[in-house]
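For reference, structure-v5.txt (compact mmCIF, N, CA and C atoms):
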```txt
# COMPACT_ATOMS: atom_id res chain seq x y z
N MET A 1 177.56 -52.05 2.46
CA MET A 1 178.37 -50.91 2.83
C MET A 1 179.69 -51.42 3.38
N ARG A 2 180.77 -50.79 2.97
CA ARG A 2 182.08 -51.21 3.45
C ARG A 2 182.31 -50.64 4.85
N GLY A 3 182.79 -51.51 5.75
CA GLY A 3 183.07 -51.08 7.10
C GLY A 3 183.81 -52.15 7.87
N MET A 4 184.40 -51.75 8.98
CA MET A 4 185.07 -52.71 9.86
C MET A 4 185.16 -52.13 11.26
N ARG A 5 185.35 -53.00 12.22
CA ARG A 5 185.48 -52.58 13.62
C ARG A 5 186.95 -52.37 13.96
N HIS A 6 187.20 -51.37 14.76
CA HIS A 6 188.56 -51.11 15.25
C HIS A 6 188.93 -52.24 16.20
N PRO A 7 190.13 -52.81 16.07
CA PRO A 7 190.47 -53.97 16.90
C PRO A 7 190.58 -53.68 18.40
N LEU A 8 190.85 -52.46 18.79
CA LEU A 8 191.00 -52.14 20.21
C LEU A 8 189.75 -51.50 20.82
N THR A 9 189.18 -50.52 20.12
CA THR A 9 188.03 -49.80 20.68
C THR A 9 186.70 -50.42 20.29
N LEU A 10 186.69 -51.28 19.27
CA LEU A 10 185.50 -51.92 18.71
C LEU A 10 184.50 -50.93 18.12
N ALA A 11 184.96 -49.69 17.86
CA ALA A 11 184.11 -48.72 17.17
C ALA A 11 183.95 -49.17 15.72
N LEU A 12 182.77 -48.94 15.15
CA LEU A 12 182.48 -49.32 13.78
C LEU A 12 182.81 -48.17 12.85
N TYR A 13 183.67 -48.43 11.87
CA TYR A 13 184.06 -47.46 10.85
C TYR A 13 183.38 -47.87 9.55
N GLU A 14 182.52 -46.99 8.99
CA GLU A 14 181.77 -47.31 7.78
C GLU A 14 181.94 -46.20 6.75
N LEU A 15 181.97 -46.59 5.48
CA LEU A 15 182.00 -45.62 4.40
C LEU A 15 180.61 -45.04 4.22
N CYS A 16 180.51 -43.73 4.12
CA CYS A 16 179.23 -43.07 3.87
C CYS A 16 179.45 -41.98 2.82
N ASP A 17 178.38 -41.32 2.40
CA ASP A 17 178.49 -40.30 1.36
C ASP A 17 179.36 -39.12 1.78
N GLU A 18 179.35 -38.79 3.06
CA GLU A 18 180.11 -37.64 3.56
C GLU A 18 181.57 -37.98 3.86
N GLY A 19 181.91 -39.25 3.97
CA GLY A 19 183.27 -39.66 4.32
C GLY A 19 183.24 -40.99 5.05
N VAL A 20 183.74 -41.00 6.28
CA VAL A 20 183.78 -42.21 7.09
C VAL A 20 182.96 -41.96 8.36
N ARG A 21 181.92 -42.77 8.56
CA ARG A 21 181.08 -42.65 9.76
C ARG A 21 181.66 -43.58 10.82
N VAL A 22 181.86 -43.04 12.03
CA VAL A 22 182.39 -43.82 13.14
C VAL A 22 181.32 -43.88 14.22
N VAL A 23 180.92 -45.11 14.57
CA VAL A 23 179.88 -45.32 15.58
C VAL A 23 180.52 -46.06 16.74
N ASP A 24 180.45 -45.45 17.92
CA ASP A 24 181.01 -46.04 19.13
C ASP A 24 179.97 -45.89 20.24
N GLY A 25 179.18 -46.94 20.42
CA GLY A 25 178.11 -46.87 21.42
C GLY A 25 177.03 -45.91 20.95
N ASP A 26 176.76 -44.87 21.74
CA ASP A 26 175.74 -43.89 21.37
C ASP A 26 176.34 -42.65 20.71
N ARG A 27 177.64 -42.62 20.51
CA ARG A 27 178.29 -41.47 19.88
C ARG A 27 178.63 -41.78 18.43
N THR A 28 178.37 -40.82 17.55
CA THR A 28 178.61 -40.98 16.12
C THR A 28 179.31 -39.74 15.59
N GLY A 29 180.26 -39.94 14.70
CA GLY A 29 180.94 -38.84 14.06
C GLY A 29 181.25 -39.17 12.62
N VAL A 30 181.39 -38.13 11.81
CA VAL A 30 181.76 -38.30 10.41
C VAL A 30 183.10 -37.62 10.21
N PHE A 31 184.00 -38.32 9.52
CA PHE A 31 185.37 -37.83 9.31
C PHE A 31 185.75 -38.01 7.85
N ASP A 32 186.73 -37.24 7.39
CA ASP A 32 187.23 -37.46 6.03
C ASP A 32 188.24 -38.61 6.06
N SER A 33 188.82 -38.94 4.92
CA SER A 33 189.70 -40.10 4.84
C SER A 33 191.04 -39.90 5.54
N SER A 34 191.34 -38.68 5.95
CA SER A 34 192.57 -38.44 6.70
C SER A 34 192.32 -38.37 8.21
N GLY A 35 191.07 -38.53 8.63
CA GLY A 35 190.74 -38.53 10.05
C GLY A 35 190.33 -37.17 10.59
N GLN A 36 190.11 -36.18 9.72
CA GLN A 36 189.68 -34.85 10.15
C GLN A 36 188.18 -34.86 10.40
N TRP A 37 187.76 -34.28 11.53
CA TRP A 37 186.37 -34.25 11.93
C TRP A 37 185.54 -33.45 10.94
N VAL A 38 184.36 -33.95 10.56
CA VAL A 38 183.43 -33.25 9.68
C VAL A 38 182.17 -32.87 10.45
N SER A 39 181.58 -33.85 11.16
CA SER A 39 180.36 -33.58 11.93
C SER A 39 180.15 -34.68 12.96
N GLY A 40 179.21 -34.43 13.87
CA GLY A 40 178.86 -35.43 14.88
C GLY A 40 179.41 -35.11 16.25
N ASP A 41 179.11 -36.01 17.22
CA ASP A 41 179.52 -35.77 18.60
C ASP A 41 180.71 -36.63 19.02
N ARG A 42 181.31 -37.34 18.09
CA ARG A 42 182.55 -38.06 18.37
C ARG A 42 183.67 -37.30 17.67
N PHE A 43 184.74 -36.98 18.41
CA PHE A 43 185.77 -36.11 17.87
C PHE A 43 187.12 -36.80 17.66
N LEU A 44 187.37 -37.91 18.31
CA LEU A 44 188.66 -38.59 18.19
C LEU A 44 188.48 -39.92 17.48
N VAL A 45 189.33 -40.18 16.48
CA VAL A 45 189.29 -41.44 15.74
C VAL A 45 190.71 -41.86 15.39
N CYS A 46 190.83 -43.06 14.87
CA CYS A 46 192.10 -43.56 14.36
C CYS A 46 192.23 -43.12 12.90
N PRO A 47 193.17 -42.26 12.56
CA PRO A 47 193.30 -41.80 11.17
C PRO A 47 193.65 -42.93 10.21
N ASN A 48 194.35 -43.95 10.68
CA ASN A 48 194.67 -45.07 9.80
C ASN A 48 193.41 -45.82 9.39
N MET A 49 192.51 -46.05 10.32
CA MET A 49 191.25 -46.72 9.99
C MET A 49 190.43 -45.88 9.02
N CYS A 50 190.40 -44.57 9.22
CA CYS A 50 189.68 -43.69 8.29
C CYS A 50 190.29 -43.78 6.90
N GLY A 51 191.61 -43.86 6.82
CA GLY A 51 192.27 -43.98 5.53
C GLY A 51 191.95 -45.30 4.85
N TRP A 52 191.97 -46.39 5.60
CA TRP A 52 191.68 -47.70 5.02
C TRP A 52 190.26 -47.77 4.50
N ILE A 53 189.31 -47.23 5.24
CA ILE A 53 187.92 -47.28 4.83
C ILE A 53 187.63 -46.22 3.77
N GLY A 54 188.15 -45.03 3.93
CA GLY A 54 187.78 -43.91 3.07
C GLY A 54 188.45 -43.85 1.72
N THR A 55 189.59 -44.49 1.53
CA THR A 55 190.29 -44.37 0.25
C THR A 55 190.26 -45.64 -0.57
N GLY A 56 189.53 -46.66 -0.13
CA GLY A 56 189.43 -47.91 -0.88
C GLY A 56 188.54 -47.74 -2.10
N PRO A 57 188.38 -48.81 -2.88
CA PRO A 57 187.53 -48.73 -4.07
C PRO A 57 186.08 -48.48 -3.70
N ARG A 58 185.41 -47.67 -4.48
CA ARG A 58 184.01 -47.31 -4.21
C ARG A 58 183.04 -48.36 -4.76
N VAL A 59 183.44 -49.07 -5.80
CA VAL A 59 182.57 -50.10 -6.38
C VAL A 59 183.28 -51.44 -6.30
N PRO A 60 182.55 -52.52 -6.14
CA PRO A 60 183.20 -53.83 -6.10
C PRO A 60 183.87 -54.14 -7.44
N SER A 61 185.00 -54.78 -7.39
CA SER A 61 185.70 -55.14 -8.61
C SER A 61 185.44 -56.61 -8.95
N THR A 62 185.72 -56.96 -10.18
CA THR A 62 185.54 -58.34 -10.61
C THR A 62 186.85 -59.09 -10.38
N LEU A 63 186.81 -60.40 -10.51
CA LEU A 63 188.01 -61.20 -10.32
C LEU A 63 189.10 -60.84 -11.32
N LYS A 64 188.73 -60.48 -12.53
CA LYS A 64 189.75 -60.17 -13.53
C LYS A 64 190.54 -58.91 -13.17
N ASP A 65 189.99 -58.07 -12.30
CA ASP A 65 190.70 -56.86 -11.87
C ASP A 65 191.60 -57.11 -10.66
N HIS A 66 191.43 -58.24 -9.99
CA HIS A 66 192.21 -58.52 -8.79
C HIS A 66 193.56 -59.10 -9.17
N ARG A 67 194.63 -58.60 -8.61
CA ARG A 67 195.98 -59.00 -9.00
C ARG A 67 196.26 -60.48 -8.75
N ARG A 68 195.64 -61.06 -7.76
CA ARG A 68 195.90 -62.48 -7.47
C ARG A 68 195.23 -63.42 -8.46
N PHE A 69 194.14 -62.98 -9.07
CA PHE A 69 193.38 -63.84 -9.95
C PHE A 69 193.52 -63.47 -11.42
N ARG A 70 194.25 -62.42 -11.72
CA ARG A 70 194.36 -61.94 -13.10
C ARG A 70 194.91 -63.02 -14.03
N ASN A 71 195.95 -63.75 -13.63
CA ASN A 71 196.53 -64.78 -14.48
C ASN A 71 195.57 -65.94 -14.71
N VAL A 72 194.80 -66.30 -13.71
CA VAL A 72 193.84 -67.39 -13.84
C VAL A 72 192.75 -67.01 -14.85
N VAL A 73 192.25 -65.79 -14.76
CA VAL A 73 191.19 -65.34 -15.65
C VAL A 73 191.71 -65.27 -17.08
N VAL A 74 192.91 -64.74 -17.28
CA VAL A 74 193.49 -64.66 -18.62
C VAL A 74 193.66 -66.06 -19.21
N LYS A 75 194.11 -67.00 -18.40
CA LYS A 75 194.29 -68.39 -18.86
C LYS A 75 192.95 -69.01 -19.24
N GLN A 76 191.92 -68.79 -18.43
CA GLN A 76 190.60 -69.34 -18.73
C GLN A 76 190.04 -68.73 -20.02
N GLN A 77 190.26 -67.45 -20.23
CA GLN A 77 189.77 -66.81 -21.45
C GLN A 77 190.51 -67.35 -22.67
N ALA A 78 191.79 -67.63 -22.53
CA ALA A 78 192.57 -68.19 -23.64
C ALA A 78 192.11 -69.60 -23.98
N GLU A 79 191.64 -70.33 -22.99
CA GLU A 79 191.15 -71.69 -23.21
C GLU A 79 189.70 -71.71 -23.67
N GLY A 80 189.06 -70.56 -23.74
CA GLY A 80 187.68 -70.48 -24.21
C GLY A 80 186.65 -70.56 -23.11
N ARG A 81 187.06 -70.60 -21.85
CA ARG A 81 186.11 -70.59 -20.74
C ARG A 81 185.88 -69.16 -20.27
N ASP A 82 184.71 -68.92 -19.75
CA ASP A 82 184.38 -67.59 -19.25
C ASP A 82 185.00 -67.42 -17.87
N GLY A 83 185.80 -66.37 -17.65
CA GLY A 83 186.48 -66.16 -16.39
C GLY A 83 185.83 -65.17 -15.48
N LYS A 84 184.52 -64.96 -15.60
CA LYS A 84 183.85 -63.98 -14.75
C LYS A 84 183.42 -64.58 -13.46
```
Now that the file is in, can you turn its structure into structure tokens?
Amino acid sequence: MRGMRHPLTLALYELCDEGVRVVDGDRTGVFDSSGQWVSGDRFLVCPNMCGWIGTGPRVPSTLKDHRRFRNVVVKQQAEGRDGK
């Protein structure tokens, strides 16, 4: 599951089916990707963190899809090596 901790509050922001789940101690809340409250007992979050977690890719990508490695993979395929 994709998630990260907020650098100041150390609350855990995780991607879930409903949006972004924020866990801070014993309080949990679910928010959309813009930081709007959906459910739970936590009402305040960092909208930037919700955006970073909530709008990223839903499935892992391969190296050939990553912009930094695209040229390497194309070169390996041209040379006959598998670039996966």
Exercise. Provide the atom C of Gly40 in chain A to atom C of Thr55 in chain A distance in Å, to one decimal place.
Key: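 Going from atom C of Gly40 in chain A over to atom C of Thr55 in chain A, I get 22.6 Å.
Taking atom C of Arg42 in chain A and atom C of Val30 in chain A as the two end points, the separation is 7.5 Å.
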Quiz prompt | Atomic separation - CA of Cys16 in chain A relative to CA of Ser39 in chain A, Å | solution =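 Computed distance, CA of Ser39 in chain A to CA of Cys16 in chain A, equals 12.5 Å.
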Quiz item: Nearest to Trp52 in chain A among A:Val23, A:Thr9, A:Gly80, A:Ser33, with distances taken over only C-alpha atoms: which residue is it?
Solution: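 When distances to Trp52 in chain A are compared using only C-alpha atoms, the smallest one comes from A:Ser33.
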Excluding Gly19 in chain A and residues on its chain fewer than 3 positions from it, collect all residues at most 8 Å away from it, counting all atoms listed in the file, and give them as a compact mmCIF listing (two decimals) with N, CA and C atoms, in the frame of the given file.
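After the write, out38.txt holds the following:
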```txt
# COMPACT_ATOMS: atom_id res chain seq x y z
N GLU A 14 182.52 -46.99 8.99
CA GLU A 14 181.77 -47.31 7.78
C GLU A 14 181.94 -46.20 6.75
N LEU A 15 181.97 -46.59 5.48
CA LEU A 15 182.00 -45.62 4.40
C LEU A 15 180.61 -45.04 4.22
N CYS A 16 180.51 -43.73 4.12
CA CYS A 16 179.23 -43.07 3.87
C CYS A 16 179.45 -41.98 2.82
N VAL A 22 181.86 -43.04 12.03
CA VAL A 22 182.39 -43.82 13.14
C VAL A 22 181.32 -43.88 14.22
N VAL A 30 181.39 -38.13 11.81
CA VAL A 30 181.76 -38.30 10.41
C VAL A 30 183.10 -37.62 10.21
N PHE A 31 184.00 -38.32 9.52
CA PHE A 31 185.37 -37.83 9.31
C PHE A 31 185.75 -38.01 7.85
N ASP A 32 186.73 -37.24 7.39
CA ASP A 32 187.23 -37.46 6.03
C ASP A 32 188.24 -38.61 6.06
N SER A 33 188.82 -38.94 4.92
CA SER A 33 189.70 -40.10 4.84
C SER A 33 191.04 -39.90 5.54
N CYS A 50 190.40 -44.57 9.22
CA CYS A 50 189.68 -43.69 8.29
C CYS A 50 190.29 -43.78 6.90
N ILE A 53 189.31 -47.23 5.24
CA ILE A 53 187.92 -47.28 4.83
C ILE A 53 187.63 -46.22 3.77
N GLY A 54 188.15 -45.03 3.93
CA GLY A 54 187.78 -43.91 3.07
C GLY A 54 188.45 -43.85 1.72
```
Quiz item: as a ChimeraX atom specification, which residues of range 13-50 of chain A does DSSP assign to strand (DSSP E or B)?
Solution: /A:13-16,19-24,27-31,37-40
Quiz item: With all atoms listed in the file as the basis for distance, which of A:Asp41, A:Tyr13, A:Ala78, A:Met49 is at the shortest distance from Arg27 in chain A?
Solution: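 Counting all atoms listed in the file, the residue closest to Arg27 in chain A is A:Asp41.
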